[in-house]
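Participant: Input structure: model36.pdb, which contains PDB, C-alpha atoms and all ligand atoms.
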ATOM      1  CA  MET A   1     -44.709 139.485  42.839
ATOM      2  CA  GLN A   2     -45.150 142.801  41.072
ATOM      3  CA  SER A   3     -41.526 144.038  41.224
ATOM      4  CA  LEU A   4     -40.354 140.752  39.685
ATOM      5  CA  GLU A   5     -42.923 140.939  36.888
ATOM      6  CA  ASN A   6     -41.870 144.530  36.196
ATOM      7  CA  LYS A   7     -38.213 143.491  36.023
ATOM      8  CA  ILE A   8     -39.031 140.612  33.662
ATOM      9  CA  LEU A   9     -40.969 142.958  31.373
ATOM     10  CA  LEU A  10     -38.194 145.545  31.454
ATOM     11  CA  GLU A  11     -35.134 143.321  31.082
ATOM     12  CA  GLY A  12     -36.284 139.849  29.976
ATOM     13  CA  GLN A  13     -35.409 138.772  26.450
ATOM     14  CA  VAL A  14     -37.643 136.290  24.686
ATOM     15  CA  LEU A  15     -35.300 133.924  22.842
ATOM     16  CA  SER A  16     -38.058 131.699  21.457
ATOM     17  CA  ASP A  17     -41.663 130.744  22.215
ATOM     18  CA  GLU A  18     -40.255 128.630  25.059
ATOM     19  CA  ILE A  19     -37.137 130.334  26.431
ATOM     20  CA  LEU A  20     -36.807 133.541  28.428
ATOM     21  CA  LYS A  21     -33.387 135.049  29.053
ATOM     22  CA  VAL A  22     -32.954 136.983  32.294
ATOM     23  CA  ASP A  23     -29.166 137.238  32.436
ATOM     24  CA  SER A  24     -29.240 140.822  33.695
ATOM     25  CA  PHE A  25     -30.686 140.001  37.122
ATOM     26  CA  LEU A  26     -30.874 136.234  37.747
ATOM     27  CA  ASN A  27     -28.824 133.962  35.480
ATOM     28  CA  HIS A  28     -25.543 135.841  35.028
ATOM     29  CA  GLN A  29     -25.545 139.243  36.701
ATOM     30  CA  VAL A  30     -27.534 139.152  39.948
ATOM     31  CA  ASP A  31     -29.654 141.990  41.337
ATOM     32  CA  PRO A  32     -29.102 141.602  45.100
ATOM     33  CA  PHE A  33     -31.934 143.960  46.045
ATOM     34  CA  LEU A  34     -34.453 142.021  43.991
ATOM     35  CA  MET A  35     -33.003 138.747  45.358
ATOM     36  CA  ARG A  36     -33.514 140.029  48.894
ATOM     37  CA  GLU A  37     -37.152 140.789  48.107
ATOM     38  CA  ILE A  38     -37.524 137.338  46.546
ATOM     39  CA  GLY A  39     -36.060 135.723  49.667
ATOM     40  CA  GLU A  40     -38.466 137.695  51.874
ATOM     41  CA  GLU A  41     -41.431 136.659  49.746
ATOM     42  CA  PHE A  42     -40.514 132.942  49.852
ATOM     43  CA  ALA A  43     -40.009 133.187  53.626
ATOM     44  CA  ARG A  44     -43.393 134.906  54.021
ATOM     45  CA  ARG A  45     -45.191 132.230  52.006
ATOM     46  CA  PHE A  46     -43.564 129.299  53.823
ATOM     47  CA  LYS A  47     -43.182 130.806  57.326
ATOM     48  CA  ASP A  48     -45.565 128.342  59.023
ATOM     49  CA  GLU A  49     -43.837 125.224  57.744
ATOM     50  CA  ALA A  50     -40.992 124.680  60.267
ATOM     51  CA  ILE A  51     -38.422 124.497  57.483
ATOM     52  CA  THR A  52     -34.980 123.254  58.520
ATOM     53  CA  LYS A  53     -33.161 123.512  55.176
ATOM     54  CA  VAL A  54     -33.374 125.130  51.775
ATOM     55  CA  LEU A  55     -32.209 123.026  48.813
ATOM     56  CA  THR A  56     -31.425 124.237  45.313
ATOM     57  CA  ILE A  57     -29.286 123.303  42.324
ATOM     58  CA  GLU A  58     -26.191 125.098  41.068
ATOM     59  CA  SER A  59     -25.741 127.665  39.787
ATOM     60  CA  SER A  60     -28.689 129.969  39.195
ATOM     61  CA  GLY A  61     -30.775 128.706  42.101
ATOM     62  CA  ILE A  62     -28.130 129.710  44.618
ATOM     63  CA  ALA A  63     -28.816 133.472  44.769
ATOM     64  CA  PRO A  64     -32.583 133.350  45.442
ATOM     65  CA  ALA A  65     -32.233 130.264  47.655
ATOM     66  CA  THR A  66     -29.541 131.901  49.805
ATOM     67  CA  MET A  67     -31.777 134.908  50.391
ATOM     68  CA  ALA A  68     -34.702 132.660  51.332
ATOM     69  CA  ALA A  69     -32.487 130.618  53.677
ATOM     70  CA  LEU A  70     -31.240 133.822  55.312
ATOM     71  CA  GLN A  71     -34.797 135.015  55.924
ATOM     72  CA  LEU A  72     -35.852 131.604  57.265
ATOM     73  CA  GLY A  73     -32.713 131.336  59.411
ATOM     74  CA  VAL A  74     -31.708 127.906  58.076
ATOM     75  CA  PRO A  75     -28.789 126.543  55.998
ATOM     76  CA  LEU A  76     -28.808 126.449  52.220
ATOM     77  CA  VAL A  77     -27.610 123.299  50.444
ATOM     78  CA  PHE A  78     -27.052 123.278  46.714
ATOM     79  CA  ALA A  79     -26.955 120.131  44.617
ATOM     80  CA  ARG A  80     -23.833 119.942  42.503
ATOM     81  CA  LYS A  81     -23.932 119.023  38.849
ATOM     82  CA  LYS A  82     -21.405 116.289  38.113
ATOM     83  CA  LYS A  83     -20.117 114.571  34.996
ATOM     84  CA  SER A  84     -19.326 111.441  36.983
ATOM     85  CA  LEU A  85     -19.078 110.573  40.643
ATOM     86  CA  THR A  86     -16.150 109.134  42.519
ATOM     87  CA  MET A  87     -17.049 107.860  45.991
ATOM     88  CA  ALA A  88     -20.673 107.709  44.797
ATOM     89  CA  ASP A  89     -21.884 106.104  48.030
ATOM     90  CA  GLN A  90     -21.201 109.373  49.861
ATOM     91  CA  TYR A  91     -23.883 111.210  47.866
ATOM     92  CA  TYR A  92     -27.600 111.162  47.244
ATOM     93  CA  LYS A  93     -27.859 111.463  43.473
ATOM     94  CA  ALA A  94     -30.368 111.758  40.660
ATOM     95  CA  GLU A  95     -30.321 112.207  36.905
ATOM     96  CA  VAL A  96     -31.815 115.428  35.564
ATOM     97  CA  PHE A  97     -32.531 116.231  31.922
ATOM     98  CA  SER A  98     -31.765 119.895  31.312
ATOM     99  CA  PHE A  99     -34.464 121.673  29.346
ATOM    100  CA  THR A 100     -32.163 124.457  28.160
ATOM    101  CA  LYS A 101     -29.001 122.383  27.544
ATOM    102  CA  ARG A 102     -30.787 119.312  26.133
ATOM    103  CA  GLU A 103     -28.560 116.906  28.061
ATOM    104  CA  THR A 104     -28.796 114.705  31.120
ATOM    105  CA  THR A 105     -26.637 115.585  34.105
ATOM    106  CA  LEU A 106     -26.086 113.926  37.416
ATOM    107  CA  ILE A 107     -26.934 115.994  40.488
ATOM    108  CA  ALA A 108     -25.443 115.093  43.832
ATOM    109  CA  VAL A 109     -25.841 116.148  47.465
ATOM    110  CA  GLY A 110     -23.400 114.964  50.124
ATOM    111  CA  LYS A 111     -25.130 112.696  52.636
ATOM    112  CA  PRO A 112     -24.108 114.736  55.705
ATOM    113  CA  PHE A 113     -26.139 117.710  54.427
ATOM    114  CA  LEU A 114     -29.594 116.089  54.356
ATOM    115  CA  ASN A 115     -31.065 114.131  57.238
ATOM    116  CA  ALA A 116     -34.233 112.135  57.812
ATOM    117  CA  ASP A 117     -35.604 114.781  60.198
ATOM    118  CA  ASP A 118     -35.150 117.674  57.731
ATOM    119  CA  HIS A 119     -38.133 119.678  56.435
ATOM    120  CA  VAL A 120     -36.867 120.924  53.111
ATOM    121  CA  LEU A 121     -37.928 123.862  50.959
ATOM    122  CA  ILE A 122     -36.775 123.352  47.358
ATOM    123  CA  ILE A 123     -36.050 126.531  45.411
ATOM    124  CA  ASP A 124     -35.108 127.027  41.762
ATOM    125  CA  ASP A 125     -34.832 129.896  39.304
ATOM    126  CA  PHE A 126     -37.123 128.497  36.584
ATOM    127  CA  LEU A 127     -39.784 125.814  36.360
ATOM    128  CA  ALA A 128     -40.356 124.402  32.878
ATOM    129  CA  ASN A 129     -40.995 120.660  32.569
ATOM    130  CA  GLY A 130     -40.175 119.991  36.203
ATOM    131  CA  GLN A 131     -37.147 117.748  35.761
ATOM    132  CA  ALA A 132     -34.856 119.767  38.026
ATOM    133  CA  ALA A 133     -37.480 119.930  40.790
ATOM    134  CA  GLU A 134     -38.204 116.208  40.459
ATOM    135  CA  GLY A 135     -34.483 115.401  40.733
ATOM    136  CA  LEU A 136     -34.268 117.476  43.907
ATOM    137  CA  ILE A 137     -37.399 115.817  45.344
ATOM    138  CA  ASP A 138     -35.820 112.427  44.601
ATOM    139  CA  VAL A 139     -32.662 113.420  46.502
ATOM    140  CA  VAL A 140     -34.671 114.643  49.533
ATOM    141  CA  GLN A 141     -36.684 111.427  49.583
ATOM    142  CA  GLN A 142     -33.529 109.284  49.388
ATOM    143  CA  ALA A 143     -32.454 110.994  52.626
ATOM    144  CA  GLY A 144     -35.827 110.099  54.188
ATOM    145  CA  ALA A 145     -36.496 113.829  54.629
ATOM    146  CA  HIS A 146     -39.737 115.716  53.963
ATOM    147  CA  VAL A 147     -40.379 118.112  51.054
ATOM    148  CA  VAL A 148     -42.340 121.029  52.501
ATOM    149  CA  GLY A 149     -42.809 122.757  49.173
ATOM    150  CA  ILE A 150     -41.220 124.129  46.057
ATOM    151  CA  GLY A 151     -40.471 127.815  45.556
ATOM    152  CA  ILE A 152     -39.896 128.979  41.994
ATOM    153  CA  VAL A 153     -38.789 132.423  40.874
ATOM    154  CA  ILE A 154     -40.209 132.151  37.326
ATOM    155  CA  GLU A 155     -42.667 129.436  36.328
ATOM    156  CA  LYS A 156     -43.465 128.998  32.658
ATOM    157  CA  ALA A 157     -47.040 127.906  33.214
ATOM    158  CA  PHE A 158     -47.457 126.857  29.575
ATOM    159  CA  GLN A 159     -45.061 123.962  30.212
ATOM    160  CA  ASP A 160     -46.274 121.050  32.279
ATOM    161  CA  GLY A 161     -43.885 120.898  35.266
ATOM    162  CA  GLY A 162     -46.064 122.999  37.586
ATOM    163  CA  THR A 163     -49.216 121.044  36.826
ATOM    164  CA  ARG A 164     -47.465 117.719  37.314
ATOM    165  CA  LEU A 165     -45.883 118.690  40.629
ATOM    166  CA  ARG A 166     -49.167 120.119  41.986
ATOM    167  CA  GLN A 167     -51.071 117.020  40.869
ATOM    168  CA  SER A 168     -48.519 114.913  42.745
ATOM    169  CA  GLY A 169     -49.503 116.830  45.879
ATOM    170  CA  PHE A 170     -46.579 119.238  46.199
ATOM    171  CA  ARG A 171     -47.131 122.841  47.191
ATOM    172  CA  VAL A 172     -45.587 124.958  44.433
ATOM    173  CA  GLU A 173     -45.239 128.709  44.999
ATOM    174  CA  SER A 174     -44.078 130.667  41.957
ATOM    175  CA  LEU A 175     -43.341 134.369  42.267
ATOM    176  CA  ALA A 176     -43.987 135.048  38.568
ATOM    177  CA  ARG A 177     -46.072 132.802  36.328
ATOM    178  CA  ILE A 178     -45.658 133.259  32.600
ATOM    179  CA  ALA A 179     -48.663 132.333  30.482
ATOM    180  CA  SER A 180     -46.999 132.780  27.102
ATOM    181  CA  LEU A 181     -43.856 133.902  25.307
ATOM    182  CA  GLN A 182     -45.414 133.684  21.870
ATOM    183  CA  ASP A 183     -44.408 136.161  19.147
ATOM    184  CA  GLY A 184     -41.788 137.718  21.403
ATOM    185  CA  ALA A 185     -44.360 138.988  23.922
ATOM    186  CA  ILE A 186     -44.288 138.138  27.621
ATOM    187  CA  SER A 187     -47.671 137.660  29.271
ATOM    188  CA  PHE A 188     -48.348 136.582  32.836
ATOM    189  CA  VAL A 189     -51.006 134.302  34.272
ATOM    190  CA  LYS A 190     -53.774 136.555  35.580
ATOM    191  CA  LYS A 191     -53.982 136.631  39.358
ATOM    192  CA  GLU A 192     -57.189 135.441  40.972
ATOM    193  CA  LYS A 193     -58.968 138.205  42.858
ATOM    194  CA  VAL A 194     -59.346 137.405  46.572
TER     195      VAL A 194
HETATM  196  P1  LIG B   1     -37.184 122.006  34.107
HETATM  197  O1  LIG B   1     -36.244 121.061  34.788
HETATM  198  O2  LIG B   1     -38.328 122.439  34.974
HETATM  199  O3  LIG B   1     -37.625 121.525  32.751
HETATM  200  O4  LIG B   1     -36.341 123.311  33.784
HETATM  201  C1  LIG B   1     -35.870 124.091  34.835
HETATM  202  C2  LIG B   1     -34.389 124.372  34.702
HETATM  203  O5  LIG B   1     -34.047 124.685  33.350
HETATM  204  C3  LIG B   1     -34.027 125.578  35.535
HETATM  205  O6  LIG B   1     -33.153 125.145  36.549
HETATM  206  C4  LIG B   1     -33.364 126.539  34.590
HETATM  207  O7  LIG B   1     -31.985 126.564  34.839
HETATM  208  C5  LIG B   1     -33.573 126.003  33.204
HETATM  209  N1  LIG B   1     -34.605 126.738  32.424
HETATM  210  C6  LIG B   1     -35.774 126.232  31.966
HETATM  211  N2  LIG B   1     -36.422 127.119  31.205
HETATM  212  C7  LIG B   1     -35.664 128.227  31.186
HETATM  213  C8  LIG B   1     -35.827 129.520  30.560
HETATM  214  O8  LIG B   1     -36.798 129.830  29.846
HETATM  215  N3  LIG B   1     -34.828 130.417  30.778
HETATM  216  C9  LIG B   1     -33.738 130.131  31.547
HETATM  217  N4  LIG B   1     -32.831 131.095  31.703
HETATM  218  N5  LIG B   1     -33.557 128.923  32.146
HETATM  219  C10 LIG B   1     -34.519 127.993  31.970
END
Can the structure in the file be given as structure tokens, please?

Facilitator:
Amino acid sequence: MQSLENKILLEGQVLSDEILKVDSFLNHQVDPFLMREIGEEFARRFKDEAITKVLTIESSGIAPATMAALQLGVPLVFARKKKSLTMADQYYKAEVFSFTKRETTLIAVGKPFLNADDHVLIIDDFLANGQAAEGLIDVVQQAGAHVVGIGIVIEKAFQDGGTRLRQSGFRVESLARIASLQDGAISFVKKEKV
């Protein structure tokens, strides 16, 4: 998505060879116009899939996922990050190792919000090693529901999450795919000509 790539080039800060900071439009301040475009693009890519729910993880997935859910006309559910769970049997839960925080957190979704007949689109802000997406897939599968695909705003294609998820048979649609952050320079995966 060209407008997203432009925004990343203009406002993204390379913190290391592995971490990109985009606090000015996605992870702290949110650009609602760009989020609307992102939601429209996810909806366009997944429009034939009879999606019944969008699922993300708090907090930075919520803005793009809400816009996608609005375009698709379905509810958004966000997994909550918990330190511990009281009444644990009322939640589907999974452990997720955070790439940026270097710690394991519990994610939880209340059982009433995912059902066996749901067709779920998972959305997240970043894809790195795929732990967040795999935790969300786990939660959907515990509910007996179907994962239609995974929509990612920014995939760091030099980390292995995308490859692993695609090899497992999941459809992964990333709106920007970063090939490298080396030496402070952002480069994108070249698009195939069709
Ligand atoms: P994964 O679980 O795929 O390893 O990492 C994805 C999660 O880690 C995302 O939900 C995102 O919050 C965070 N993350 C991973 N890499 C980056 C990054 O380069 N920049 C930012 N801002 N967040 C990241």

Participant: Taking all atoms listed in the file into account, which of A:Gln142, A:Thr163, A:Asn6, A:Asn115 comes nearest Lys53 of chain A?

Facilitator: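 Closest to Lys53 of chain A, using all atoms listed in the file: A:Asn115.
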
Participant: Given only C-alpha atoms and all ligand atoms as the basis, pick out the residue of A:Lys93, A:Arg36, A:Lys82, A:Arg102 nearest to ligand LIG 1 (chain B).

Facilitator: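 Counting only C-alpha atoms and all ligand atoms, the residue closest to ligand LIG 1 (chain B) is A:Arg102.
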
Participant: Between A:Thr52, A:Thr66, A:Ser16, A:Gln131, which is the closest to ligand LIG 1 (chain B) once you count all atoms listed in the file?

Facilitator: A:Gln131

Participant: Under the PyMOL selection byres (((chain A and resi 48) around 12) and not hetatm), which residues of this model are included? Write them out as a list in words.

Facilitator: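 Applying the PyMOL selection byres (((chain A and resi 48) around 12) and not hetatm) to the structure shown produces Phe42, Ala43, Arg44, Arg45, Phe46, Lys47, Glu49, Ala50, Ile51, Thr52, Leu72, His119, Leu121, Val148 and Gly149 of chain A.
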
Participant: 8 Å from ligand LIG 1 (chain B) is the threshold here; counting all atoms listed in the file, which polymer residues fall inside it? Answer as an mmCIF file with C-alpha atoms, keeping the file's coordinate frame.

Facilitator:
data_model
loop_
_atom_site.group_PDB
_atom_site.id
_atom_site.type_symbol
_atom_site.label_atom_id
_atom_site.label_comp_id
_atom_site.auth_asym_id
_atom_site.auth_seq_id
_atom_site.Cartn_x
_atom_site.Cartn_y
_atom_site.Cartn_z
ATOM 1 C CA GLU A 18 -40.255 128.630 25.059
ATOM 2 C CA ILE A 19 -37.137 130.334 26.431
ATOM 3 C CA LEU A 20 -36.807 133.541 28.428
ATOM 4 C CA LYS A 21 -33.387 135.049 29.053
ATOM 5 C CA VAL A 22 -32.954 136.983 32.294
ATOM 6 C CA ASP A 23 -29.166 137.238 32.436
ATOM 7 C CA ASN A 27 -28.824 133.962 35.480
ATOM 8 C CA ILE A 57 -29.286 123.303 42.324
ATOM 9 C CA SER A 60 -28.689 129.969 39.195
ATOM 10 C CA GLY A 61 -30.775 128.706 42.101
ATOM 11 C CA VAL A 96 -31.815 115.428 35.564
ATOM 12 C CA PHE A 97 -32.531 116.231 31.922
ATOM 13 C CA SER A 98 -31.765 119.895 31.312
ATOM 14 C CA PHE A 99 -34.464 121.673 29.346
ATOM 15 C CA THR A 100 -32.163 124.457 28.160
ATOM 16 C CA ASP A 124 -35.108 127.027 41.762
ATOM 17 C CA ASP A 125 -34.832 129.896 39.304
ATOM 18 C CA PHE A 126 -37.123 128.497 36.584
ATOM 19 C CA LEU A 127 -39.784 125.814 36.360
ATOM 20 C CA ALA A 128 -40.356 124.402 32.878
ATOM 21 C CA ASN A 129 -40.995 120.660 32.569
ATOM 22 C CA GLY A 130 -40.175 119.991 36.203
ATOM 23 C CA GLN A 131 -37.147 117.748 35.761
ATOM 24 C CA ALA A 132 -34.856 119.767 38.026
ATOM 25 C CA ALA A 133 -37.480 119.930 40.790
ATOM 26 C CA GLU A 134 -38.204 116.208 40.459
ATOM 27 C CA LYS A 156 -43.465 128.998 32.658
ATOM 28 C CA GLY A 161 -43.885 120.898 35.266
#

Participant: Applying the PyMOL selection byres (((chain A and resi 139) around 12) and not hetatm) to the file I just gave you, which residues come out? Please list them as number ranges by chain.

Facilitator: A: 55-57, 77-80, 91-96, 106-111, 113-116, 120, 122, 132-138, 140-147
